[in-house]
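A.B. asks: query-v3.txt is reproduced below (compact mmCIF, C-alpha atoms).
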```txt
# COMPACT_ATOMS: atom_id res chain seq x y z
CA MET L 1 0.00 0.00 0.00
CA PHE L 2 1.19 3.54 -0.77
CA ASP L 3 3.01 5.08 2.20
CA VAL L 4 3.19 8.86 2.17
CA THR L 5 5.86 8.85 4.87
CA ILE L 6 8.30 7.08 2.53
CA LEU L 7 7.57 9.58 -0.25
CA GLY L 8 7.96 12.43 2.23
CA ALA L 9 11.33 11.13 3.43
CA LEU L 10 12.49 10.77 -0.17
CA ALA L 11 11.41 14.29 -1.09
CA GLY L 12 12.85 15.69 2.13
CA GLY L 13 16.27 14.18 1.45
CA LEU L 14 16.40 15.60 -2.07
CA ILE L 15 15.29 19.05 -0.92
CA VAL L 16 17.97 19.09 1.77
CA PHE L 17 20.71 18.29 -0.75
CA PHE L 18 19.66 21.19 -2.99
CA SER L 19 19.29 23.58 -0.05
CA PRO L 20 21.51 26.66 0.46
CA CYS L 21 23.35 25.03 3.34
CA VAL L 22 24.40 21.91 1.42
CA LEU L 23 24.71 22.42 -2.34
CA PRO L 24 27.32 25.23 -2.22
CA ILE L 25 29.78 23.12 -0.20
CA VAL L 26 29.48 19.94 -2.28
CA PRO L 27 32.37 20.89 -4.64
CA PHE L 28 34.72 21.31 -1.68
CA TYR L 29 33.81 17.91 -0.27
CA LEU L 30 34.15 16.28 -3.67
CA SER L 31 37.66 17.69 -3.79
CA TYR L 32 38.30 16.55 -0.23
CA MET L 33 37.04 13.02 -0.86
CA ALA L 34 38.96 12.69 -4.13
CA GLY L 35 42.19 13.87 -2.53
CA ALA L 36 42.49 16.48 -5.26
CA SER L 37 42.65 20.25 -5.43
CA MET L 38 39.71 22.30 -6.63
CA SER L 39 41.62 23.09 -9.83
CA GLU L 40 41.89 19.36 -10.59
CA ILE L 41 38.11 18.89 -10.44
CA SER L 42 37.15 22.20 -12.01
CA ALA L 43 34.47 22.22 -14.65
CA GLU L 44 36.95 23.19 -17.35
CA GLY L 45 40.13 21.40 -16.27
CA GLU L 46 41.25 17.88 -17.10
CA MET L 47 41.11 15.52 -14.14
CA ALA L 48 44.12 13.43 -13.28
CA PRO L 49 43.79 9.66 -13.88
CA GLY L 50 41.99 7.93 -11.04
CA VAL L 51 40.47 11.09 -9.54
CA ARG L 52 36.93 10.24 -10.69
CA ARG L 53 37.10 6.65 -9.41
CA ARG L 54 38.62 7.77 -6.11
CA ALA L 55 35.97 10.45 -5.73
CA PHE L 56 33.12 7.97 -6.31
CA LEU L 57 34.43 5.29 -3.93
CA ALA L 58 35.08 7.88 -1.24
CA SER L 59 31.65 9.48 -1.78
CA VAL L 60 29.96 6.11 -1.23
CA MET L 61 31.71 5.63 2.11
CA PHE L 62 31.20 9.29 3.01
CA SER L 63 27.47 8.84 2.34
CA LEU L 64 27.35 5.67 4.45
CA GLY L 65 28.85 7.62 7.34
CA ILE L 66 26.12 10.26 7.03
CA ILE L 67 23.36 7.64 6.79
CA THR L 68 24.73 5.86 9.87
CA VAL L 69 24.23 9.00 11.96
CA PHE L 70 20.65 9.42 10.74
CA VAL L 71 19.79 5.77 11.41
CA LEU L 72 21.23 6.03 14.92
CA LEU L 73 19.13 9.14 15.53
CA GLY L 74 16.05 7.29 14.30
CA ALA L 75 16.77 4.28 16.52
CA ALA L 76 17.25 6.52 19.55
CA ALA L 77 14.03 8.43 18.84
CA TYR L 78 12.07 5.19 18.35
CA GLY L 79 13.46 3.79 21.59
CA LEU L 80 12.47 6.92 23.51
CA SER L 81 8.98 6.94 21.99
CA GLN L 82 8.43 3.32 23.06
CA THR L 83 9.78 3.97 26.56
CA PHE L 84 7.52 6.98 27.07
CA ARG L 85 4.45 5.86 25.16
CA GLY L 86 2.22 7.79 27.55
CA MET L 87 3.87 11.06 26.46
CA GLN L 88 3.24 10.79 22.71
CA THR L 89 1.27 14.03 22.71
CA GLU L 90 4.10 15.92 24.41
CA PHE L 91 6.65 14.46 21.98
CA ARG L 92 4.44 15.41 19.03
CA LEU L 93 3.99 19.00 20.18
CA PHE L 94 7.70 19.37 20.93
CA ALA L 95 8.64 18.10 17.45
CA ALA L 96 6.05 20.38 15.85
CA THR L 97 7.47 23.37 17.72
CA VAL L 98 11.03 22.60 16.61
CA VAL L 99 9.97 22.16 12.98
CA LEU L 100 7.89 25.37 13.11
CA ILE L 101 10.78 27.45 14.50
CA MET L 102 13.13 26.14 11.83
CA GLY L 103 10.53 26.80 9.14
CA LEU L 104 10.27 30.42 10.29
CA HIS L 105 14.07 30.61 10.22
CA PHE L 106 14.22 29.53 6.57
CA LEU L 107 11.45 31.99 5.68
CA GLY L 108 13.50 34.76 7.26
CA VAL L 109 10.92 35.57 9.94
CA LEU L 110 13.37 34.40 12.61
CA ARG L 111 17.12 34.16 12.23
CA ILE L 112 18.87 31.55 14.37
CA GLY L 113 22.62 31.78 14.00
CA PHE L 114 23.62 28.20 14.77
CA LEU L 115 21.30 26.87 12.04
CA ASN L 116 23.61 28.48 9.50
CA ARG L 117 26.65 26.72 10.93
CA VAL L 118 28.57 24.54 8.47
CA PHE L 119 30.86 21.71 9.51
CA GLN L 120 34.47 22.70 8.89
CA MET L 121 37.66 20.70 9.23
CA ASP L 122 41.29 21.06 8.31
CA ALA L 123 41.64 19.23 5.02
CA GLY L 124 45.36 18.68 5.39
CA ASP L 125 46.88 16.08 3.06
CA THR L 126 43.99 14.13 1.52
CA LYS L 127 46.04 12.34 -1.13
CA ASN L 128 46.03 9.19 0.99
CA MET L 129 42.38 9.34 2.06
CA SER L 130 41.35 5.77 2.91
CA VAL L 131 37.93 4.17 2.54
CA LEU L 132 37.57 4.03 6.31
CA GLY L 133 38.73 7.63 6.55
CA ALA L 134 35.97 8.74 4.16
CA TYR L 135 33.40 6.91 6.29
CA VAL L 136 34.65 8.58 9.48
CA VAL L 137 34.60 12.02 7.82
CA GLY L 138 31.01 11.39 6.68
CA PHE L 139 30.02 10.37 10.20
CA ALA L 140 31.60 13.50 11.69
CA PHE L 141 30.19 15.67 8.91
CA ALA L 142 26.62 14.52 9.63
CA ALA L 143 27.03 15.12 13.35
CA GLY L 144 28.30 18.66 12.77
CA TRP L 145 25.88 19.34 9.95
CA THR L 146 22.69 18.31 11.75
CA PRO L 147 21.60 21.83 12.90
CA CYS L 148 21.65 23.01 9.27
CA VAL L 149 19.18 20.33 8.16
CA GLY L 150 17.51 20.11 11.55
CA GLY L 151 13.97 21.04 10.50
CA VAL L 152 13.51 18.37 7.87
CA LEU L 153 15.49 15.85 9.91
CA THR L 154 13.37 16.49 13.02
CA ALA L 155 10.20 15.89 11.03
CA VAL L 156 11.52 12.63 9.57
CA VAL L 157 12.95 11.40 12.88
CA PHE L 158 9.68 12.14 14.69
CA THR L 159 7.69 10.34 12.00
CA ALA L 160 10.07 7.38 12.25
CA SER L 161 9.62 7.28 16.03
CA THR L 162 5.86 6.86 15.63
CA GLU L 163 6.00 3.96 13.17
CA SER L 164 4.47 0.69 14.34
CA THR L 165 7.77 -1.23 14.20
CA ALA L 166 11.44 -0.35 14.59
CA PHE L 167 12.13 -1.66 11.08
CA GLU L 168 9.63 0.77 9.52
CA GLY L 169 11.17 3.65 11.46
CA LEU L 170 14.71 2.78 10.43
CA LEU L 171 13.58 2.30 6.82
CA LEU L 172 12.29 5.87 6.83
CA LEU L 173 15.69 7.22 7.94
CA LEU L 174 17.46 5.02 5.38
CA VAL L 175 15.28 6.46 2.60
CA PHE L 176 15.90 10.01 3.81
CA GLY L 177 19.65 9.45 4.07
CA PHE L 178 19.86 7.77 0.68
CA ALA L 179 17.82 10.51 -1.03
CA MET L 180 20.09 13.17 0.45
CA THR L 181 23.39 11.45 -0.39
CA ALA L 182 22.58 9.81 -3.74
CA PRO L 183 23.00 13.11 -5.64
CA PHE L 184 26.39 13.50 -3.97
CA MET L 185 27.49 10.10 -5.32
CA VAL L 186 26.14 10.92 -8.78
CA ALA L 187 27.95 14.26 -8.69
CA SER L 188 31.23 12.43 -8.04
CA LEU L 189 30.79 10.57 -11.35
CA PHE L 190 29.95 13.70 -13.34
CA ILE L 191 32.02 16.32 -11.57
CA GLY L 192 32.36 18.76 -14.48
CA PRO L 193 28.66 18.86 -15.43
CA PHE L 194 27.68 19.00 -11.76
CA LEU L 195 29.87 22.02 -11.10
CA ARG L 196 28.35 23.81 -14.08
CA PHE L 197 24.86 22.94 -12.85
CA ALA L 198 25.65 24.08 -9.29
CA SER L 199 26.97 27.39 -10.60
CA ARG L 200 23.78 28.04 -12.58
CA PHE L 201 21.48 26.79 -9.80
CA ARG L 202 23.05 29.04 -7.15
CA LYS L 203 20.74 31.93 -8.04
CA HIS L 204 17.72 29.79 -7.14
CA LEU L 205 18.95 28.87 -3.65
CA PRO L 206 16.97 31.64 -1.88
CA LYS L 207 13.80 30.26 -3.49
CA VAL L 208 14.63 26.75 -2.30
CA GLU L 209 15.19 28.12 1.21
CA LYS L 210 11.78 29.79 1.24
CA ALA L 211 10.12 26.64 -0.12
CA MET L 212 11.77 24.61 2.64
CA GLY L 213 10.42 27.06 5.19
CA LEU L 214 6.86 26.79 3.89
CA LEU L 215 7.01 22.99 3.78
CA MET L 216 8.34 22.84 7.34
CA ILE L 217 5.55 25.07 8.62
CA LEU L 218 2.99 22.90 6.84
CA PHE L 219 4.50 19.74 8.28
CA ALA L 220 4.66 21.31 11.75
CA ALA L 221 0.91 21.88 11.55
CA LEU L 222 0.36 18.28 10.41
CA ILE L 223 2.48 16.94 13.27
CA ALA L 224 0.78 19.16 15.87
CA THR L 225 -2.69 18.05 14.77
CA ASP L 226 -1.63 14.42 14.24
CA SER L 227 -2.86 14.69 10.66
CA VAL L 228 0.05 13.29 8.64
CA ASN L 229 -2.02 10.30 7.55
CA ARG L 230 -4.65 12.62 6.06
CA ILE L 231 -2.16 13.46 3.30
CA ALA L 232 -1.95 9.78 2.42
CA GLU L 233 -5.74 9.49 2.36
CA TRP L 234 -6.04 12.58 0.14
CA MET L 235 -3.43 11.29 -2.29
CA LEU L 236 -5.10 7.89 -2.48
CA ASN L 237 -8.47 9.48 -3.19
CA THR L 238 -7.12 12.06 -5.64
CA PHE L 239 -4.65 9.77 -7.46
CA PRO L 240 -6.10 6.22 -7.55
CA VAL L 241 -2.89 4.98 -9.19
CA PHE L 242 -1.23 5.06 -5.76
CA GLN L 243 -3.67 2.42 -4.50
CA GLY L 244 -1.77 -0.18 -6.46
CA ILE L 245 1.61 0.74 -4.96
```
Output the structure of this file as structure tokens.
C.D. replies:
Amino acid sequence: MFDVTILGALAGGLIVFFSPCVLPIVPFYLSYMAGASMSEISAEGEMAPGVRRRAFLASVMFSLGIITVFVLLGAAAYGLSQTFRGMQTEFRLFAATVVLIMGLHFLGVLRIGFLNRVFQMDAGDTKNMSVLGAYVVGFAFAAGWTPCVGGVLTAVVFTASTESTAFEGLLLLLVFGFAMTAPFMVASLFIGPFLRFASRFRKHLPKVEKAMGLLMILFAALIATDSVNRIAEWMLNTFPVFQGI
């Protein structure tokens, strides 16, 4: 049966990747993962042999590190929700408040400084970046990056915590993590075209930020009123094709 939460996690992950706090720093991390300078992966320059393969392998492990953090967050949230089942209403209202505040931040109504924080680290010599090293960097990156994507992540983690089984909750975080990191892996295979796209898309980032804000406010209202499932019902009634999924 069609599950709107899976679709929402998928869309949320993609939106986060193309948000103003993620897309602009992707070229730097591609360079970091590939162990190459920015000039070596520039849209116009010729890449040294092996850079593309190294970038892709490292991006896969980097992405797995990010997904690991999200899955751990989902597992912790699910565990808490099961331990304090009698406080589901309080958890729901708290999550709705967090998502609402972050939505207002992205709309520009409120400005919260730490939400604009970007994970930084000394790149040093990355020529010998190992597979395990890329995974560890991804893990650390997700932990430092969480405030930036906190609104969407909070909504997905809360939804995961209310699923009927732990597997369904973890699946939701896996889908979100994969949707957010898959474009990063694709970008590592097509570095030149991606850099050209990112340069052209930069002018649209403020619009994406506002759209994220509106979606977060909408989802905050759905969480607060415990109405997330109404979206699924509406989609099933409006688009009968989903009934066969």
A.B. asks: Could you jot down the CA of Phe18 (chain L) to CA of Val60 (chain L) separation for me, Å, one decimal place?
C.D. replies: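 Value for the CA of Phe18 (chain L)-CA of Val60 (chain L) distance: 18.3 Å.
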A.B. asks: Looking at all atoms listed in the file, which of L:Ala155, L:Phe194, L:Pro183, L:Glu209 is the one that sits closest to Gly12 (chain L)?
C.D. replies: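 Among the listed residues, L:Ala155 lies closest to Gly12 (chain L).
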A.B. asks: Taking only C-alpha atoms into account, name the residue in L:Ala9, L:Phe176, L:Cys21, L:Thr162 that is nearest to Thr83 (chain L).
C.D. replies: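 Residue with the minimum atom-to-atom distance to Thr83 (chain L): L:Thr162.
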A.B. asks: Suppose you want the space between CA of Ser227 (chain L) and CA of Thr159 (chain L); what is it in Å?
C.D. replies: 11.5 Å
A.B. asks: Could you check how far CA of Lys210 (chain L) sits from CA of Phe158 (chain L), in Å to one decimal?
C.D. replies: 22.3 Å
A.B. asks: May I have the residues within 9 Å of Thr181 (chain L) as an MDAnalysis selection string, using only C-alpha atoms and disregarding those fewer than 5 positions away in the same chain?
C.D. replies: chainID L and resid 13:14 17 59:60 62:64 66:67 176 186
A.B. asks: Mind checking which residues fall within 10 Å of Leu173 (chain L), counting all atoms listed in the file, ignoring those fewer than 6 positions away in the same chain, and posting them as a list in words?
C.D. replies: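 The contact residues come out as Ile6, Ala9, Leu10, Gly13, Ile67, Thr68, Val69, Phe70, Val71, Leu72, Leu73, Gly74, Ala75, Leu153, Val156, Val157, Thr159, Ala160 and Ala179 of chain L.
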A.B. asks: Find the spatial neighbours of region 211-218 of chain L, counting all atoms listed in the file, within a cut-off of 7 Å - ignore same-chain residues fewer than 4 positions away - and output them as a ChimeraX atom specification.
C.D. replies: /L:99-100,103-104,106-107,151-152,207,222
A.B. asks: Have a look at L:Ala76, L:Thr97, L:Ala187, L:Val131 and name the one nearest to Arg54 (chain L); count all atoms listed in the file.
C.D. replies: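 Comparing L:Ala76, L:Thr97, L:Ala187, L:Val131 against Arg54 (chain L), the winner is L:Val131.
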A.B. asks: Got a sec: who's within 12 Å of Phe197 (chain L), counting only C-alpha atoms, leaving out chain neighbours fewer than 6 positions off, as a ChimeraX atom specification?
C.D. replies: /L:18,23-24,26-27,43,187,190-191,203-204
